[in-house]
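Okay, structure first, notes after.
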Amino acid sequence: MEREELKAIIKQIVAEKFGGAETEIPIGVSNRHIHLTENDYNQLFPNEPIQVKKWLKQPGEFAAEQTLTVVSEKGELQRVRILGPLRKFSQVELSKTDARMLGMNIPIRVSGDIEGTPGIKLVSKHSEIYLPKGAIIAKRHIHLPESVANEYGVKQGDEVSVLVGSEMRSLVLNHCTIRVNDQFIPEMHIDTDEANAADIAGTSFAKIIKS
């Protein structure tokens, strides 16, 4: 059997199993990072404006020059990047591997859903603070503007299954949350654990295979 013929058969099986038209979304892999309120940032970096190191794909969002050390009772992670702009809540987004290194039981949550999550210490070259809540493992999600969401037949808060990964390590990831805002650029966000499991590197795409 020719390789292209085999690929076509696999594609048909996936479509029949999961249903729906395939739709491709660029994948962005999120390393551990921190979001801060203006008050928390100013305590950690007094008289030091937040500085852009690299603009991200989502409009207005950037990786900052400033980094912090994340500290638990059992370990620490150094040089964890702050993302801007500053927000209305402080939140530390880690992977499951990071959580194990810190000896912490951290829940999987949608960004911003921080009630009942563990607290964590943040240390800068100037100061340190303790966040009483805000440590999460970010739930995988897809950013879409409303026009594209309508085209794909999905809406804010829906969960879909997606096919990701290299030819030798493809995976189906379920429970991927749709986030809709007209300011968004289409992009799926997964963490480093998920990317490594699917051998994702460089420019990659996720295929929505069930909605």
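Residue numbering restarts at 1 in every chain; chains get A, B, ... in the order shown in the structure tokens, and ligands count up from 1 in that same order.
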
Quick one: everything within 7 Å of Asp158 of chain A, counting only C-alpha atoms, minus sequence neighbours fewer than 4 positions away in the same chain. Send it as a ChimeraX atom specification.
/A:154,177-178

Show me, as a ChimeraX atom specification, the residues that have an atom within 7 Å of segment 165-173 of chain A when counting only C-alpha atoms, minus same-chain residues fewer than 5 positions from it.
/A:198-200

Generate the output file for the selected residues, C-alpha atoms, as a JSON list (two decimals), in the first residue's frame.
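selection_5.json, freshly written:
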[["chain", "number", "residue", "atom", "x", "y", "z"],
["A", 198, "ALA", "CA", 2.93, 14.69, 20.69],
["A", 199, "ASP", "CA", 6.45, 15.55, 19.45],
["A", 200, "ILE", "CA", 5.36, 19.07, 18.51]]

Which neighbours of Ile34 of chain A fall inside 9 Å, counting only C-alpha atoms, when residues of the same chain fewer than 2 positions from it are skipped, and could you give them as a VMD selection string?
chain A and resid 32 36 67 to 68 80 to 84 90 to 94

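Atom CA of Asp193 of chain A sits 12.1 Å away from atom CA of Arg100 of chain A.
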
Selected residue, from A:His126, A:Ile142, A:His33, A:Gly75, that lies nearest to Asn47 of chain A when counting only C-alpha atoms:
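Among A:His126, A:Ile142, A:His33, A:Gly75, it is A:His126 that comes nearest to Asn47 of chain A.
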
Restricting the calculation to only C-alpha atoms: of A:Val71, A:Leu86, A:Ile209, A:Cys176, which residue gets closest to Ser124 of chain A?
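Ranked by minimum distance to Ser124 of chain A, first place goes to A:Val71.
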
Need to verify the contact set: Lys96 of chain A, 10 Å, only C-alpha atoms, exclusion of same-chain residues closer than 6 positions in sequence. Can you return it as a PDB file with N, CA and C atoms, in the first residue's frame?
ATOM      1  N   LEU A 102       7.918  20.985  42.123  1.00  0.00           N
ATOM      2  CA  LEU A 102       7.655  21.833  43.287  1.00  0.00           C
ATOM      3  C   LEU A 102       7.000  21.066  44.430  1.00  0.00           C
ATOM      4  N   MET A 104       3.871  20.029  44.487  1.00  0.00           N
ATOM      5  CA  MET A 104       2.557  20.626  44.684  1.00  0.00           C
ATOM      6  C   MET A 104       1.485  19.882  43.897  1.00  0.00           C
ATOM      7  N   ASN A 105       0.280  19.869  44.442  1.00  0.00           N
ATOM      8  CA  ASN A 105      -0.892  19.340  43.749  1.00  0.00           C
ATOM      9  C   ASN A 105      -1.650  20.527  43.173  1.00  0.00           C
ATOM     10  N   ILE A 106      -1.485  20.758  41.885  1.00  0.00           N
ATOM     11  CA  ILE A 106      -2.031  21.949  41.235  1.00  0.00           C
ATOM     12  C   ILE A 106      -3.132  21.529  40.270  1.00  0.00           C
ATOM     13  N   PRO A 107      -4.306  22.153  40.347  1.00  0.00           N
ATOM     14  CA  PRO A 107      -5.421  21.743  39.494  1.00  0.00           C
ATOM     15  C   PRO A 107      -5.317  22.282  38.072  1.00  0.00           C
ATOM     16  N   ILE A 108      -5.991  21.599  37.155  1.00  0.00           N
ATOM     17  CA  ILE A 108      -6.125  22.081  35.781  1.00  0.00           C
ATOM     18  C   ILE A 108      -7.312  23.035  35.742  1.00  0.00           C
ATOM     19  N   ILE A 136      -1.976  27.353  38.797  1.00  0.00           N
ATOM     20  CA  ILE A 136      -2.818  26.461  38.001  1.00  0.00           C
ATOM     21  C   ILE A 136      -1.996  25.764  36.924  1.00  0.00           C
ATOM     22  N   ILE A 137      -2.530  24.645  36.451  1.00  0.00           N
ATOM     23  CA  ILE A 137      -2.109  24.053  35.183  1.00  0.00           C
ATOM     24  C   ILE A 137      -3.168  24.482  34.175  1.00  0.00           C
ATOM     25  N   ALA A 138      -2.757  25.243  33.172  1.00  0.00           N
ATOM     26  CA  ALA A 138      -3.739  25.832  32.253  1.00  0.00           C
ATOM     27  C   ALA A 138      -4.417  24.765  31.410  1.00  0.00           C
ATOM     28  N   ASP A 191       0.460  23.159  26.792  1.00  0.00           N
ATOM     29  CA  ASP A 191       1.682  23.372  27.563  1.00  0.00           C
ATOM     30  C   ASP A 191       2.794  22.448  27.066  1.00  0.00           C
ATOM     31  N   THR A 192       3.970  22.558  27.693  1.00  0.00           N
ATOM     32  CA  THR A 192       5.141  21.823  27.215  1.00  0.00           C
ATOM     33  C   THR A 192       4.984  20.316  27.384  1.00  0.00           C
ATOM     34  N   ASP A 193       4.291  19.864  28.423  1.00  0.00           N
ATOM     35  CA  ASP A 193       4.061  18.426  28.585  1.00  0.00           C
ATOM     36  C   ASP A 193       3.268  17.869  27.405  1.00  0.00           C
ATOM     37  N   GLU A 194       2.202  18.571  27.036  1.00  0.00           N
ATOM     38  CA  GLU A 194       1.364  18.119  25.924  1.00  0.00           C
ATOM     39  C   GLU A 194       2.144  18.154  24.611  1.00  0.00           C
TER      40      GLU A 194
END

Out of segment 2-208 of chain A, which residues get alpha helix (DSSP H) from DSSP, as a CSV table (one decimal) with all heavy atoms, in the first residue's frame?
chain,number,residue,atom,x,y,z
A,3,ARG,N,2.2,5.1,0.6
A,3,ARG,CA,2.1,5.9,1.8
A,3,ARG,C,0.9,6.9,1.8
A,3,ARG,O,0.2,7.1,2.8
A,3,ARG,CB,3.4,6.6,2.0
A,3,ARG,CG,3.5,7.5,3.2
A,3,ARG,CD,4.9,8.0,3.4
A,3,ARG,NE,5.0,8.9,4.6
A,3,ARG,CZ,6.1,9.4,5.0
A,3,ARG,NH1,7.2,9.1,4.4
A,3,ARG,NH2,6.1,10.2,6.1
A,4,GLU,N,0.7,7.6,0.6
A,4,GLU,CA,-0.3,8.5,0.5
A,4,GLU,C,-1.7,7.9,0.6
A,4,GLU,O,-2.6,8.4,1.2
A,4,GLU,CB,-0.2,9.3,-0.8
A,4,GLU,CG,1.0,10.3,-0.9
A,4,GLU,CD,1.0,11.3,0.3
A,4,GLU,OE1,-0.1,11.8,0.6
A,4,GLU,OE2,2.0,11.5,0.9
A,5,GLU,N,-1.8,6.7,0.1
A,5,GLU,CA,-3.1,5.9,0.2
A,5,GLU,C,-3.4,5.6,1.7
A,5,GLU,O,-4.5,5.7,2.2
A,5,GLU,CB,-3.0,4.7,-0.6
A,5,GLU,CG,-4.3,3.8,-0.6
A,5,GLU,CD,-4.2,2.6,-1.4
A,5,GLU,OE1,-3.2,2.4,-2.1
A,5,GLU,OE2,-5.2,1.8,-1.4
A,6,LEU,N,-2.3,5.2,2.4
A,6,LEU,CA,-2.5,4.9,3.8
A,6,LEU,C,-2.9,6.1,4.6
A,6,LEU,O,-3.8,6.0,5.5
A,6,LEU,CB,-1.1,4.3,4.4
A,6,LEU,CG,-1.1,4.0,5.9
A,6,LEU,CD1,-2.2,2.9,6.2
A,6,LEU,CD2,0.3,3.5,6.3
A,7,LYS,N,-2.3,7.2,4.3
A,7,LYS,CA,-2.6,8.5,5.0
A,7,LYS,C,-4.1,8.8,4.8
A,7,LYS,O,-4.8,9.3,5.7
A,7,LYS,CB,-1.7,9.6,4.6
A,7,LYS,CG,-0.3,9.5,5.1
A,7,LYS,CD,0.7,10.5,4.5
A,7,LYS,CE,0.3,11.9,5.0
A,7,LYS,NZ,1.3,12.9,4.5
A,8,ALA,N,-4.5,8.6,3.5
A,8,ALA,CA,-5.9,8.9,3.2
A,8,ALA,C,-6.9,8.0,4.0
A,8,ALA,O,-8.0,8.5,4.4
A,8,ALA,CB,-6.1,8.8,1.7
A,9,ILE,N,-6.5,6.8,4.1
A,9,ILE,CA,-7.4,5.8,4.9
A,9,ILE,C,-7.4,6.2,6.3
A,9,ILE,O,-8.5,6.2,7.0
A,9,ILE,CB,-6.8,4.4,4.7
A,9,ILE,CG1,-7.0,3.9,3.3
A,9,ILE,CG2,-7.6,3.5,5.7
A,9,ILE,CD1,-6.4,2.6,3.0
A,10,ILE,N,-6.3,6.6,6.9
A,10,ILE,CA,-6.3,7.0,8.3
A,10,ILE,C,-7.1,8.3,8.5
A,10,ILE,O,-7.9,8.4,9.5
A,10,ILE,CB,-4.8,7.3,8.8
A,10,ILE,CG1,-4.0,5.9,8.8
A,10,ILE,CG2,-4.8,7.9,10.1
A,10,ILE,CD1,-2.5,6.1,9.0
A,11,LYS,N,-7.0,9.2,7.6
A,11,LYS,CA,-7.8,10.4,7.7
A,11,LYS,C,-9.3,10.1,7.6
A,11,LYS,O,-10.1,10.7,8.4
A,11,LYS,CB,-7.4,11.4,6.5
A,11,LYS,CG,-8.1,12.7,6.5
A,11,LYS,CD,-7.6,13.6,5.4
A,11,LYS,CE,-8.3,14.9,5.4
A,11,LYS,NZ,-7.8,15.8,4.3
A,12,GLN,N,-9.7,9.2,6.8
A,12,GLN,CA,-11.1,8.8,6.7
A,12,GLN,C,-11.6,8.2,8.0
A,12,GLN,O,-12.7,8.4,8.4
A,12,GLN,CB,-11.3,7.9,5.5
A,12,GLN,CG,-12.7,7.5,5.3
A,12,GLN,CD,-12.9,6.5,4.1
A,12,GLN,OE1,-12.0,6.3,3.4
A,12,GLN,NE2,-14.1,6.0,3.9
A,13,ILE,N,-10.7,7.3,8.6
A,13,ILE,CA,-11.1,6.6,9.8
A,13,ILE,C,-11.3,7.6,10.9
A,13,ILE,O,-12.3,7.6,11.7
A,13,ILE,CB,-10.0,5.6,10.2
A,13,ILE,CG1,-10.0,4.4,9.2
A,13,ILE,CG2,-10.3,5.1,11.6
A,13,ILE,CD1,-8.9,3.5,9.4
A,14,VAL,N,-10.4,8.6,11.0
A,14,VAL,CA,-10.5,9.6,12.0
A,14,VAL,C,-11.8,10.4,11.9
A,14,VAL,O,-12.5,10.7,12.8
A,14,VAL,CB,-9.3,10.6,12.0
A,14,VAL,CG1,-9.5,11.8,12.9
A,14,VAL,CG2,-8.0,9.8,12.5
A,15,ALA,N,-12.1,10.8,10.6
A,15,ALA,CA,-13.3,11.6,10.3
A,15,ALA,C,-14.5,10.8,10.7
A,15,ALA,O,-15.5,11.4,11.3
A,15,ALA,CB,-13.3,12.0,8.9
A,16,GLU,N,-14.5,9.5,10.3
A,16,GLU,CA,-15.7,8.7,10.6
A,16,GLU,C,-15.9,8.5,12.1
A,16,GLU,O,-17.0,8.5,12.6
A,16,GLU,CB,-15.6,7.4,9.9
A,16,GLU,CG,-15.7,7.5,8.4
A,16,GLU,CD,-15.5,6.1,7.7
A,16,GLU,OE1,-15.1,5.2,8.4
A,16,GLU,OE2,-15.7,6.1,6.5
A,17,LYS,N,-14.8,8.4,12.8
A,17,LYS,CA,-14.9,8.1,14.3
A,17,LYS,C,-15.3,9.3,15.0
A,17,LYS,O,-16.1,9.2,16.0
A,17,LYS,CB,-13.5,7.6,14.8
A,17,LYS,CG,-13.5,7.3,16.3
A,17,LYS,CD,-12.2,6.7,16.7
A,17,LYS,CE,-12.2,6.4,18.2
A,17,LYS,NZ,-11.0,5.8,18.7
A,18,PHE,N,-14.8,10.5,14.7
A,18,PHE,CA,-15.1,11.7,15.5
A,18,PHE,C,-16.1,12.6,14.9
A,18,PHE,O,-16.6,13.5,15.5
A,18,PHE,CB,-13.7,12.4,15.7
A,18,PHE,CG,-12.8,11.7,16.6
A,18,PHE,CD1,-11.7,11.0,16.0
A,18,PHE,CD2,-12.9,11.6,17.9
A,18,PHE,CE1,-10.8,10.3,16.8
A,18,PHE,CE2,-12.0,10.9,18.7
A,18,PHE,CZ,-11.0,10.2,18.1
A,38,GLU,N,-1.2,45.0,38.7
A,38,GLU,CA,-0.3,46.2,38.8
A,38,GLU,C,0.3,46.3,40.2
A,38,GLU,O,1.5,46.6,40.4
A,38,GLU,CB,-1.0,47.4,38.4
A,38,GLU,CG,-0.2,48.7,38.4
A,38,GLU,CD,-0.9,49.9,37.9
A,38,GLU,OE1,-2.1,49.8,37.6
A,38,GLU,OE2,-0.3,51.0,37.8
A,39,ASN,N,-0.5,46.0,41.2
A,39,ASN,CA,-0.1,46.2,42.6
A,39,ASN,C,1.0,45.1,42.9
A,39,ASN,O,2.1,45.5,43.5
A,39,ASN,CB,-1.3,46.0,43.5
A,39,ASN,CG,-0.8,46.2,45.0
A,39,ASN,OD1,-0.4,47.2,45.4
A,39,ASN,ND2,-1.0,45.1,45.8
A,40,ASP,N,0.8,43.9,42.5
A,40,ASP,CA,1.8,42.8,42.8
A,40,ASP,C,3.1,43.1,42.0
A,40,ASP,O,4.2,42.9,42.5
A,40,ASP,CB,1.2,41.5,42.4
A,40,ASP,CG,0.2,41.0,43.4
A,40,ASP,OD1,0.1,41.5,44.5
A,40,ASP,OD2,-0.6,40.0,43.0
A,41,TYR,N,2.9,43.5,40.8
A,41,TYR,CA,4.1,43.8,40.0
A,41,TYR,C,4.9,44.9,40.6
A,41,TYR,O,6.2,44.8,40.8
A,41,TYR,CB,3.8,44.3,38.6
A,41,TYR,CG,5.0,44.6,37.7
A,41,TYR,CD1,5.7,43.7,37.1
A,41,TYR,CD2,5.4,46.0,37.7
A,41,TYR,CE1,6.9,44.0,36.4
A,41,TYR,CE2,6.6,46.3,37.0
A,41,TYR,CZ,7.3,45.3,36.3
A,41,TYR,OH,8.4,45.7,35.6
A,42,ASN,N,4.3,46.0,41.1
A,42,ASN,CA,5.0,47.1,41.7
A,42,ASN,C,5.7,46.7,43.0
A,42,ASN,O,6.7,47.3,43.3
A,42,ASN,CB,4.0,48.3,41.9
A,42,ASN,CG,3.6,49.0,40.6
A,42,ASN,OD1,4.3,48.9,39.6
A,42,ASN,ND2,2.5,49.6,40.7
A,43,GLN,N,5.1,45.8,43.7
A,43,GLN,CA,5.8,45.3,44.9
A,43,GLN,C,7.1,44.5,44.6
A,43,GLN,O,8.1,44.6,45.3
A,43,GLN,CB,4.8,44.4,45.7
A,43,GLN,CG,3.7,45.2,46.4
A,43,GLN,CD,2.9,44.2,47.3
A,43,GLN,OE1,3.4,43.7,48.3
A,43,GLN,NE2,1.6,44.1,47.0
A,44,LEU,N,7.0,43.8,43.5
A,44,LEU,CA,8.2,43.0,43.1
A,44,LEU,C,9.2,43.8,42.3
A,44,LEU,O,10.4,43.5,42.4
A,44,LEU,CB,7.7,41.8,42.3
A,44,LEU,CG,6.9,40.7,43.0
A,44,LEU,CD1,6.1,39.8,42.1
A,44,LEU,CD2,7.8,39.9,43.9
A,96,LYS,N,2.3,20.0,34.5
A,96,LYS,CA,2.2,19.0,35.6
A,96,LYS,C,3.6,18.6,36.0
A,96,LYS,O,3.9,18.3,37.2
A,96,LYS,CB,1.5,17.8,35.0
A,96,LYS,CG,1.2,16.7,36.0
A,96,LYS,CD,0.2,17.2,37.0
A,96,LYS,CE,-0.3,16.1,37.9
A,96,LYS,NZ,-1.3,16.5,38.9
A,97,THR,N,4.6,18.6,35.1
A,97,THR,CA,6.0,18.3,35.4
A,97,THR,C,6.5,19.4,36.4
A,97,THR,O,7.2,19.0,37.4
A,97,THR,CB,6.9,18.3,34.2
A,97,THR,OG1,6.4,17.2,33.3
A,97,THR,CG2,8.3,18.0,34.5
A,98,ASP,N,6.2,20.7,36.1
A,98,ASP,CA,6.6,21.7,37.0
A,98,ASP,C,6.0,21.5,38.4
A,98,ASP,O,6.7,21.7,39.4
A,98,ASP,CB,6.2,23.1,36.5
A,98,ASP,CG,6.8,23.5,35.2
A,98,ASP,OD1,8.0,23.1,35.0
A,98,ASP,OD2,6.2,24.2,34.5
A,99,ALA,N,4.8,21.1,38.5
A,99,ALA,CA,4.1,20.9,39.8
A,99,ALA,C,4.7,19.8,40.6
A,99,ALA,O,4.9,20.0,41.8
A,99,ALA,CB,2.6,20.6,39.5
A,100,ARG,N,5.1,18.8,39.9
A,100,ARG,CA,5.8,17.7,40.6
A,100,ARG,C,7.2,18.1,41.1
A,100,ARG,O,7.6,17.7,42.2
A,100,ARG,CB,5.9,16.5,39.6
A,100,ARG,CG,4.6,15.8,39.4
A,100,ARG,CD,4.7,14.7,38.4
A,100,ARG,NE,3.4,14.0,38.2
A,100,ARG,CZ,3.1,13.3,37.2
A,100,ARG,NH1,3.9,13.3,36.1
A,100,ARG,NH2,1.9,12.7,37.1
A,101,MET,N,7.9,18.9,40.3
A,101,MET,CA,9.2,19.4,40.8
A,101,MET,C,9.0,20.3,42.0
A,101,MET,O,9.9,20.3,42.9
A,101,MET,CB,9.8,20.2,39.6
A,101,MET,CG,10.3,19.4,38.4
A,101,MET,SD,10.9,20.4,37.1
A,101,MET,CE,12.3,21.2,37.8
A,102,LEU,N,7.9,21.0,42.1
A,102,LEU,CA,7.7,21.8,43.3
A,102,LEU,C,7.0,21.1,44.4
A,102,LEU,O,6.8,21.6,45.5
A,102,LEU,CB,6.8,23.0,42.9
A,102,LEU,CG,7.4,24.0,41.9
A,102,LEU,CD1,6.3,25.0,41.5
A,102,LEU,CD2,8.5,24.8,42.6
A,146,GLU,N,-14.9,35.7,16.6
A,146,GLU,CA,-16.3,35.2,16.4
A,146,GLU,C,-16.6,34.7,15.0
A,146,GLU,O,-17.3,33.7,14.9
A,146,GLU,CB,-17.3,36.3,16.8
A,146,GLU,CG,-18.7,35.8,16.9
A,146,GLU,CD,-19.6,36.8,17.5
A,146,GLU,OE1,-19.2,37.9,17.9
A,146,GLU,OE2,-20.8,36.5,17.7
A,147,SER,N,-16.1,35.4,14.0
A,147,SER,CA,-16.4,35.0,12.6
A,147,SER,C,-15.8,33.6,12.3
A,147,SER,O,-16.5,32.8,11.7
A,147,SER,CB,-15.8,36.0,11.6
A,147,SER,OG,-14.4,36.1,11.8
A,148,VAL,N,-14.6,33.3,12.8
A,148,VAL,CA,-14.1,32.0,12.6
A,148,VAL,C,-14.8,30.9,13.4
A,148,VAL,O,-15.1,29.8,13.0
A,148,VAL,CB,-12.6,32.0,12.9
A,148,VAL,CG1,-12.0,30.6,12.8
A,148,VAL,CG2,-11.8,32.9,12.0
A,149,ALA,N,-15.2,31.3,14.7
A,149,ALA,CA,-15.9,30.3,15.5
A,149,ALA,C,-17.2,30.0,14.8
A,149,ALA,O,-17.6,28.8,14.8
A,149,ALA,CB,-16.2,31.0,16.9
A,150,ASN,N,-17.9,31.0,14.3
A,150,ASN,CA,-19.2,30.7,13.6
A,150,ASN,C,-18.9,29.8,12.4
A,150,ASN,O,-19.7,28.9,12.1
A,150,ASN,CB,-19.8,32.0,13.1
A,150,ASN,CG,-20.3,32.8,14.3
A,150,ASN,OD1,-20.6,32.3,15.3
A,150,ASN,ND2,-20.5,34.1,14.0
A,151,GLU,N,-17.8,30.0,11.7
A,151,GLU,CA,-17.5,29.2,10.5
A,151,GLU,C,-17.3,27.7,10.9
A,151,GLU,O,-17.7,26.8,10.2
A,151,GLU,CB,-16.3,29.7,9.8
A,151,GLU,CG,-15.8,28.9,8.6
A,151,GLU,CD,-14.5,29.4,8.0
A,151,GLU,OE1,-14.1,30.6,8.4
A,151,GLU,OE2,-13.9,28.7,7.2
A,152,TYR,N,-16.7,27.5,12.1
A,152,TYR,CA,-16.4,26.2,12.6
A,152,TYR,C,-17.5,25.6,13.3
A,152,TYR,O,-17.5,24.4,13.7
A,152,TYR,CB,-15.1,26.2,13.5
A,152,TYR,CG,-13.8,26.5,12.8
A,152,TYR,CD1,-12.7,26.7,13.5
A,152,TYR,CD2,-13.8,26.6,11.4
A,152,TYR,CE1,-11.5,27.0,12.9
A,152,TYR,CE2,-12.6,26.8,10.7
A,152,TYR,CZ,-11.4,27.1,11.5
A,152,TYR,OH,-10.2,27.3,10.9
A,192,THR,N,4.0,22.6,27.7
A,192,THR,CA,5.1,21.8,27.2
A,192,THR,C,5.0,20.3,27.4
A,192,THR,O,5.5,19.5,26.6
A,192,THR,CB,6.4,22.3,27.9
A,192,THR,OG1,6.2,22.3,29.4
A,192,THR,CG2,6.8,23.7,27.5
A,193,ASP,N,4.3,19.9,28.4
A,193,ASP,CA,4.1,18.4,28.6
A,193,ASP,C,3.3,17.9,27.4
A,193,ASP,O,3.6,16.8,26.9
A,193,ASP,CB,3.3,18.2,29.9
A,193,ASP,CG,4.2,18.3,31.1
A,193,ASP,OD1,5.4,18.4,31.0
A,193,ASP,OD2,3.6,18.2,32.2
A,194,GLU,N,2.2,18.6,27.0
A,194,GLU,CA,1.4,18.1,25.9
A,194,GLU,C,2.1,18.2,24.6
A,194,GLU,O,2.0,17.2,23.8
A,194,GLU,CB,0.1,19.0,25.8
A,194,GLU,CG,-0.8,18.8,27.0
A,194,GLU,CD,-1.8,19.9,27.2
A,194,GLU,OE1,-1.5,21.1,26.9
A,194,GLU,OE2,-3.0,19.6,27.5
A,195,ALA,N,2.9,19.2,24.4
A,195,ALA,CA,3.7,19.3,23.2
A,195,ALA,C,4.8,18.2,23.1
A,195,ALA,O,4.9,17.6,22.0
A,195,ALA,CB,4.4,20.7,23.1
A,196,ASN,N,5.4,17.9,24.2
A,196,ASN,CA,6.4,16.8,24.2
A,196,ASN,C,5.8,15.5,23.9
A,196,ASN,O,6.4,14.6,23.2
A,196,ASN,CB,7.2,16.8,25.5
A,196,ASN,CG,8.1,18.0,25.6
A,196,ASN,OD1,8.6,18.6,24.7
A,196,ASN,ND2,8.5,18.3,26.9
A,197,ALA,N,4.6,15.2,24.5
A,197,ALA,CA,3.9,14.0,24.3
A,197,ALA,C,3.6,13.7,22.8
A,197,ALA,O,3.6,12.6,22.3
A,197,ALA,CB,2.7,13.9,25.1

Can you list every residue in chain A that DSSP puts in strand (DSSP E or B), as a ChimeraX atom specification?
/A:23-30,33-35,37,52-55,62-71,76-84,87,91-94,108-109,120-123,128-131,135-138,141-144,159-164,171-180,187-191,205-210

Residues from the last selection, C-alpha atoms, saved as a compact mmCIF listing (two decimals), in the first residue's frame:
# COMPACT_ATOMS: atom_id res chain seq x y z
CA THR A 23 -10.40 22.53 10.70
CA GLU A 24 -6.76 23.45 11.21
CA ILE A 25 -5.57 25.85 13.92
CA PRO A 26 -1.93 26.95 14.52
CA ILE A 27 -0.50 25.60 17.78
CA GLY A 28 1.24 27.80 20.35
CA VAL A 29 3.22 26.00 23.06
CA SER A 30 3.09 27.83 26.39
CA HIS A 33 4.74 31.86 32.97
CA ILE A 34 3.24 34.41 35.34
CA HIS A 35 0.49 37.04 35.09
CA THR A 37 -1.72 42.66 38.82
CA VAL A 52 8.69 44.01 26.30
CA LYS A 53 11.10 41.21 25.40
CA LYS A 54 8.99 39.60 22.67
CA TRP A 55 5.52 40.24 21.27
CA PHE A 62 4.01 40.02 25.21
CA ALA A 63 6.73 38.18 27.09
CA ALA A 64 8.40 40.62 29.45
CA GLU A 65 12.08 41.08 30.19
CA GLN A 66 11.29 40.60 33.87
CA THR A 67 11.38 37.12 35.42
CA LEU A 68 10.70 35.70 38.88
CA THR A 69 11.62 32.70 40.98
CA VAL A 70 8.61 30.56 41.90
CA VAL A 71 9.05 28.98 45.33
CA GLU A 76 11.75 26.36 43.22
CA LEU A 77 11.71 27.30 39.54
CA GLN A 78 14.01 30.11 38.50
CA ARG A 79 13.65 32.68 35.73
CA VAL A 80 9.94 32.18 35.15
CA ARG A 81 8.84 34.75 32.59
CA ILE A 82 6.19 37.41 33.30
CA LEU A 83 3.65 37.97 30.50
CA GLY A 84 2.09 41.34 29.85
CA ARG A 87 -3.99 41.94 34.58
CA GLN A 91 -1.77 33.78 38.29
CA VAL A 92 1.09 31.31 37.86
CA GLU A 93 0.68 28.86 34.97
CA LEU A 94 2.75 25.69 35.26
CA ILE A 108 -6.12 22.08 35.78
CA ARG A 109 -8.13 25.28 35.30
CA ILE A 120 2.71 30.23 45.93
CA LYS A 121 5.68 32.51 46.67
CA LEU A 122 7.18 34.80 44.01
CA VAL A 123 10.67 36.23 44.45
CA GLU A 128 9.04 38.75 47.43
CA ILE A 129 5.31 38.23 47.81
CA TYR A 130 3.06 35.31 48.61
CA LEU A 131 0.03 34.79 46.40
CA ALA A 135 -1.20 28.40 40.87
CA ILE A 136 -2.82 26.46 38.00
CA ILE A 137 -2.11 24.05 35.18
CA ALA A 138 -3.74 25.83 32.25
CA HIS A 141 -7.82 25.94 24.76
CA ILE A 142 -8.34 27.49 21.34
CA HIS A 143 -8.52 31.24 20.69
CA LEU A 144 -10.92 32.21 17.88
CA GLU A 159 -15.22 21.76 24.30
CA VAL A 160 -13.84 20.02 21.22
CA SER A 161 -11.47 17.17 20.40
CA VAL A 162 -8.40 17.90 18.31
CA LEU A 163 -5.81 15.86 16.48
CA VAL A 164 -2.24 17.04 17.10
CA LEU A 171 -2.58 12.29 19.67
CA VAL A 172 -6.25 13.11 20.06
CA LEU A 173 -6.69 15.68 22.82
CA ASN A 174 -10.20 15.89 24.25
CA HIS A 175 -11.80 18.64 26.36
CA CYS A 176 -10.16 21.55 24.56
CA THR A 177 -12.05 24.73 25.51
CA ILE A 178 -13.10 27.28 22.88
CA ARG A 179 -12.45 30.93 23.79
CA VAL A 180 -14.07 33.53 21.53
CA GLU A 187 -4.42 29.72 17.89
CA MET A 188 -4.50 26.64 20.11
CA HIS A 189 -2.54 26.81 23.37
CA ILE A 190 -1.05 23.70 24.96
CA ASP A 191 1.68 23.37 27.56
CA PHE A 205 -1.34 22.72 13.48
CA ALA A 206 -4.21 21.18 15.40
CA LYS A 207 -7.20 19.71 13.56
CA ILE A 208 -10.60 20.07 15.17
CA ILE A 209 -12.18 16.67 14.59
CA LYS A 210 -15.19 16.78 16.88
